[in-house]
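Colleague: What follows is structure06.cif; its format and atoms are mmCIF, C-alpha atoms.
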data_upload
#
loop_
_atom_site.group_PDB
_atom_site.id
_atom_site.type_symbol
_atom_site.label_atom_id
_atom_site.label_comp_id
_atom_site.auth_asym_id
_atom_site.auth_seq_id
_atom_site.Cartn_x
_atom_site.Cartn_y
_atom_site.Cartn_z
ATOM 1 C CA MET K 1 0.000 0.000 0.000
ATOM 2 C CA LEU K 2 1.095 3.524 -0.747
ATOM 3 C CA ARG K 3 0.769 6.085 2.039
ATOM 4 C CA PHE K 4 -1.341 9.048 0.899
ATOM 5 C CA LEU K 5 0.835 12.007 -0.183
ATOM 6 C CA SER K 6 4.121 10.162 0.434
ATOM 7 C CA ASP K 7 6.936 10.394 -2.117
ATOM 8 C CA GLU K 8 5.966 6.918 -3.357
ATOM 9 C CA TRP K 9 2.321 7.975 -3.715
ATOM 10 C CA LEU K 10 3.319 11.099 -5.656
ATOM 11 C CA ALA K 11 5.495 8.988 -7.960
ATOM 12 C CA ALA K 12 2.554 6.636 -8.566
ATOM 13 C CA LEU K 13 0.330 9.655 -9.302
ATOM 14 C CA GLU K 14 2.854 10.834 -11.897
ATOM 15 C CA ARG K 15 2.942 7.355 -13.502
ATOM 16 C CA ALA K 16 -0.868 7.074 -13.563
ATOM 17 C CA ALA K 17 -1.158 10.438 -15.285
ATOM 18 C CA GLU K 18 1.584 9.556 -17.780
ATOM 19 C CA ALA K 19 -0.180 6.302 -18.698
ATOM 20 C CA ALA K 20 -3.484 8.042 -19.417
ATOM 21 C CA THR K 21 -4.100 9.007 -23.019
ATOM 22 C CA ASP K 22 -7.042 11.072 -24.202
ATOM 23 C CA ALA K 23 -8.041 11.394 -20.551
ATOM 24 C CA VAL K 24 -9.565 14.857 -20.871
ATOM 25 C CA ASP K 25 -11.048 17.090 -23.549
ATOM 26 C CA PRO K 26 -8.260 17.972 -26.010
ATOM 27 C CA ASP K 27 -9.295 21.650 -25.911
ATOM 28 C CA LEU K 28 -8.848 21.833 -22.148
ATOM 29 C CA ASP K 29 -5.839 23.865 -21.037
ATOM 30 C CA MET K 30 -5.689 24.095 -17.264
ATOM 31 C CA VAL K 31 -3.333 23.617 -14.326
ATOM 32 C CA ILE K 32 -4.947 22.359 -11.130
ATOM 33 C CA GLN K 33 -2.836 22.672 -8.017
ATOM 34 C CA GLN K 34 -3.444 20.848 -4.736
ATOM 35 C CA VAL K 35 -1.845 22.105 -1.523
ATOM 36 C CA VAL K 36 -2.295 19.973 1.585
ATOM 37 C CA THR K 37 -1.259 21.431 4.928
ATOM 38 C CA ASP K 38 -0.443 19.664 8.179
ATOM 39 C CA ASP K 39 -0.986 20.976 11.707
ATOM 40 C CA ASP K 40 2.736 21.686 12.053
ATOM 41 C CA GLY K 41 2.684 24.007 9.029
ATOM 42 C CA THR K 42 4.340 21.659 6.562
ATOM 43 C CA GLU K 43 2.718 21.180 3.209
ATOM 44 C CA VAL K 44 2.610 18.748 0.335
ATOM 45 C CA ALA K 45 1.845 20.241 -3.053
ATOM 46 C CA TYR K 46 1.363 18.786 -6.480
ATOM 47 C CA HIS K 47 -0.301 19.927 -9.666
ATOM 48 C CA LEU K 48 -1.996 18.435 -12.690
ATOM 49 C CA VAL K 49 -1.412 19.902 -16.130
ATOM 50 C CA LEU K 50 -4.383 19.226 -18.419
ATOM 51 C CA ARG K 51 -3.477 20.031 -21.996
ATOM 52 C CA GLY K 52 -4.012 18.493 -25.419
ATOM 53 C CA GLY K 53 -6.138 15.636 -24.080
ATOM 54 C CA ARG K 54 -3.379 14.550 -21.692
ATOM 55 C CA VAL K 55 -2.850 14.802 -17.967
ATOM 56 C CA ARG K 56 0.555 15.222 -16.368
ATOM 57 C CA ALA K 57 1.161 15.226 -12.625
ATOM 58 C CA HIS K 58 4.083 17.065 -11.074
ATOM 59 C CA ARG K 59 5.317 17.414 -7.521
ATOM 60 C CA GLY K 60 5.433 20.847 -5.968
ATOM 61 C CA ARG K 61 3.675 24.073 -6.711
ATOM 62 C CA ALA K 62 2.976 25.217 -10.261
ATOM 63 C CA SER K 63 4.393 28.523 -11.440
ATOM 64 C CA ALA K 64 1.012 29.674 -12.783
ATOM 65 C CA PRO K 65 -1.879 27.441 -11.673
ATOM 66 C CA THR K 66 -5.327 28.057 -13.096
ATOM 67 C CA VAL K 67 -6.893 27.039 -9.807
ATOM 68 C CA THR K 68 -5.545 25.985 -6.416
ATOM 69 C CA PHE K 69 -7.251 23.742 -3.873
ATOM 70 C CA ILE K 70 -6.019 24.108 -0.295
ATOM 71 C CA THR K 71 -7.015 21.631 2.410
ATOM 72 C CA ASP K 72 -5.725 20.042 5.558
ATOM 73 C CA ARG K 73 -4.563 16.421 5.330
ATOM 74 C CA ASP K 74 -7.734 14.916 6.831
ATOM 75 C CA THR K 75 -9.996 16.754 4.395
ATOM 76 C CA ALA K 76 -7.766 15.831 1.451
ATOM 77 C CA ALA K 77 -7.901 12.170 2.496
ATOM 78 C CA ARG K 78 -11.713 12.215 2.811
ATOM 79 C CA ILE K 79 -12.067 13.790 -0.628
ATOM 80 C CA ASN K 80 -9.576 11.385 -2.192
ATOM 81 C CA GLN K 81 -11.386 8.380 -0.718
ATOM 82 C CA GLY K 82 -14.775 9.650 -1.878
ATOM 83 C CA ILE K 83 -16.039 9.948 1.706
ATOM 84 C CA GLN K 84 -16.613 13.692 1.266
ATOM 85 C CA SER K 85 -17.168 15.616 -1.943
ATOM 86 C CA ALA K 86 -15.048 18.633 -2.752
ATOM 87 C CA GLN K 87 -18.251 20.682 -2.852
ATOM 88 C CA ALA K 88 -19.219 19.622 0.683
ATOM 89 C CA ALA K 89 -15.694 20.323 1.943
ATOM 90 C CA PHE K 90 -15.834 23.780 0.378
ATOM 91 C CA MET K 91 -19.247 24.521 1.882
ATOM 92 C CA THR K 92 -18.050 23.560 5.377
ATOM 93 C CA GLY K 93 -14.770 25.487 5.112
ATOM 94 C CA GLY K 94 -12.460 22.480 4.848
ATOM 95 C CA LEU K 95 -11.479 23.334 1.276
ATOM 96 C CA ARG K 96 -10.371 26.734 0.029
ATOM 97 C CA ILE K 97 -10.181 27.489 -3.666
ATOM 98 C CA GLY K 98 -8.066 30.171 -5.286
ATOM 99 C CA GLY K 99 -7.477 31.250 -8.834
ATOM 100 C CA ASP K 100 -9.869 31.265 -11.764
ATOM 101 C CA ILE K 101 -13.038 29.817 -10.256
ATOM 102 C CA ARG K 102 -15.013 30.531 -13.431
ATOM 103 C CA ALA K 103 -12.634 28.369 -15.489
ATOM 104 C CA LEU K 104 -13.080 25.574 -12.991
ATOM 105 C CA ALA K 105 -16.873 25.881 -13.014
ATOM 106 C CA SER K 106 -17.054 26.016 -16.799
ATOM 107 C CA GLN K 107 -15.038 22.789 -17.142
ATOM 108 C CA GLN K 108 -16.867 20.604 -14.592
ATOM 109 C CA ALA K 109 -18.035 18.107 -17.215
ATOM 110 C CA SER K 110 -14.543 17.817 -18.716
ATOM 111 C CA LEU K 111 -12.964 17.355 -15.286
ATOM 112 C CA ALA K 112 -15.368 14.641 -14.096
ATOM 113 C CA GLY K 113 -13.260 11.917 -15.728
ATOM 114 C CA LEU K 114 -10.272 12.658 -13.503
ATOM 115 C CA GLN K 115 -11.807 10.652 -10.661
ATOM 116 C CA ASP K 116 -11.841 7.532 -12.831
ATOM 117 C CA LEU K 117 -8.297 8.186 -14.038
ATOM 118 C CA PHE K 118 -6.856 7.816 -10.542
ATOM 119 C CA GLY K 119 -9.199 5.071 -9.287
ATOM 120 C CA ALA K 120 -6.529 2.354 -9.339
ATOM 121 C CA LEU K 121 -4.192 4.566 -7.330
ATOM 122 C CA ARG K 122 -6.900 5.138 -4.715
ATOM 123 C CA ALA K 123 -7.295 1.366 -4.371
ATOM 124 C CA GLU K 124 -3.563 1.086 -3.557
ATOM 125 C CA THR K 125 -3.542 3.972 -1.069
ATOM 126 C CA SER K 126 -3.582 3.852 2.725
ATOM 127 C CA TYR K 127 -4.689 6.876 4.679
#
What is this structure when it is put down as structure tokens?
Modeller:
Amino acid sequence: MLRFLSDEWLAALERAAEAATDAVDPDLDMVIQQVVTDDDGTEVAYHLVLRGGRVRAHRGRASAPTVTFITDRDTAARINQGIQSAQAAFMTGGLRIGGDIRALASQQASLAGLQDLFGALRAETSY
């Protein structure tokens, strides 16, 4: 099992994205950044580049993300496991969103397939 947000998990995320072809709308051009904070102030960040029908995952912060999701580790784990939706986390204050919210909202249908893309990784993840 891969520990959520560990170096091994991030490497597996990168491989899963690399293996996906035609995973998203080819007209989509977006960078989605995830920042997960711990109680001690440390953070884990990664971002997904969605461009030309492909998805690429990269460790660290993006230089110019379209949108950034910021959560604590527990909220990120609940969202990743499907226990809590991102919308519910946002409504209760557990998820903050920065950047171009309109771009995110306008691409909801195109982004829905990302959950399926990383399903196998979720099955191999311990929280």
Colleague: Residues picked by the PyMOL selection byres ((chain K and resi 110) around 10) here, as a count of residues only?
Modeller: 15
Colleague: Would you pick out the contacts of segment 100-102 of chain K at 10 Å or less, using all atoms listed in the file, so that residues sharing its chain but fewer than 4 positions from it are not included, and give the list as a list in words?
Modeller: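 Counting all atoms listed in the file, the residues come to Met30, Pro65, Thr66, Val67, Thr68, Ser106 and Gln107 of chain K.
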Colleague: Can you translate the PyMOL selection byres ((chain K and resi 32) around 10) into the concrete residues it hits in this file, as a CSV table (one decimal) with C-alpha atoms, keeping the file's coordinate frame?
Modeller:
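This is the output file part_22.csv:
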chain,number,residue,atom,x,y,z
K,30,MET,CA,-5.7,24.1,-17.3
K,31,VAL,CA,-3.3,23.6,-14.3
K,33,GLN,CA,-2.8,22.7,-8.0
K,34,GLN,CA,-3.4,20.8,-4.7
K,46,TYR,CA,1.4,18.8,-6.5
K,47,HIS,CA,-0.3,19.9,-9.7
K,48,LEU,CA,-2.0,18.4,-12.7
K,49,VAL,CA,-1.4,19.9,-16.1
K,50,LEU,CA,-4.4,19.2,-18.4
K,57,ALA,CA,1.2,15.2,-12.6
K,61,ARG,CA,3.7,24.1,-6.7
K,62,ALA,CA,3.0,25.2,-10.3
K,64,ALA,CA,1.0,29.7,-12.8
K,65,PRO,CA,-1.9,27.4,-11.7
K,66,THR,CA,-5.3,28.1,-13.1
K,67,VAL,CA,-6.9,27.0,-9.8
K,68,THR,CA,-5.5,26.0,-6.4
K,69,PHE,CA,-7.3,23.7,-3.9
K,99,GLY,CA,-7.5,31.2,-8.8
K,104,LEU,CA,-13.1,25.6,-13.0
Colleague: Give me the residues near Asp39 of chain K as a list of chain:residue names, where near means some atom within 10 Å (using only C-alpha atoms) and where sequence neighbours in that chain fewer than 3 positions away do not count.
Modeller: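 Selected residues are K:Thr42, K:Glu43, K:Asp72, K:Arg73.
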Colleague: Using the chain letters and numbers from this file, what does the PyMOL selection byres ((chain K and resi 10) around 12) select? Give the answer as number ranges by chain.
Modeller: K: 2-9, 11-17, 34, 44-48, 56-60, 118, 121-122, 125
Colleague: For Ser85 of chain K, find every residue with an atom within 12 Å (counting all atoms listed in the file), except residues of its own chain fewer than 4 positions away, and show them as a list in words.
Modeller: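 Final neighbour list, sorted by chain and number: Thr75, Ala76, Ala77, Arg78, Ile79, Asn80, Gln81, Ala89, Phe90, Met91, Thr92, Gly94, Leu95 and Gln115 of chain K.
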Colleague: Next, dump the selected residues to file, keeping only C-alpha atoms, as a PDB file, in the coordinates of the input.
Modeller:
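To be explicit, this is the file written out as again.pdb:
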ATOM      1  CA  THR K  75      -9.996  16.754   4.395  1.00  0.00           C
ATOM      2  CA  ALA K  76      -7.766  15.831   1.451  1.00  0.00           C
ATOM      3  CA  ALA K  77      -7.901  12.170   2.496  1.00  0.00           C
ATOM      4  CA  ARG K  78     -11.713  12.215   2.811  1.00  0.00           C
ATOM      5  CA  ILE K  79     -12.067  13.790  -0.628  1.00  0.00           C
ATOM      6  CA  ASN K  80      -9.576  11.385  -2.192  1.00  0.00           C
ATOM      7  CA  GLN K  81     -11.386   8.380  -0.718  1.00  0.00           C
ATOM      8  CA  ALA K  89     -15.694  20.323   1.943  1.00  0.00           C
ATOM      9  CA  PHE K  90     -15.834  23.780   0.378  1.00  0.00           C
ATOM     10  CA  MET K  91     -19.247  24.521   1.882  1.00  0.00           C
ATOM     11  CA  THR K  92     -18.050  23.560   5.377  1.00  0.00           C
ATOM     12  CA  GLY K  94     -12.460  22.480   4.848  1.00  0.00           C
ATOM     13  CA  LEU K  95     -11.479  23.334   1.276  1.00  0.00           C
ATOM     14  CA  GLN K 115     -11.807  10.652 -10.661  1.00  0.00           C
TER      15      GLN K 115
END
Colleague: Mind giving me the straight-line distance from atom CA of Gly119 of chain K to atom CA of Ser63 of chain K in Å, one decimal?
Modeller: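 These two atoms are separated by 27.2 Å.
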Colleague: Grab the atom CA of Val36 of chain K to atom CA of Thr71 of chain K distance for me, in Å with one decimal place.
Modeller: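 Atom CA of Thr71 of chain K lies at a distance of 5.1 Å from atom CA of Val36 of chain K.
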Colleague: Between K:Gly82, K:Gly93, K:Gly52, K:Gly41, which is the closest to Ala123 of chain K once you count all atoms listed in the file?
Modeller: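 The closest residue to Ala123 of chain K is K:Gly82.
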Colleague: Have a look at atom CA of Val35 of chain K and atom CA of Tyr127 of chain K and let me know their distance in Å, one decimal.
Modeller: 16.7 Å
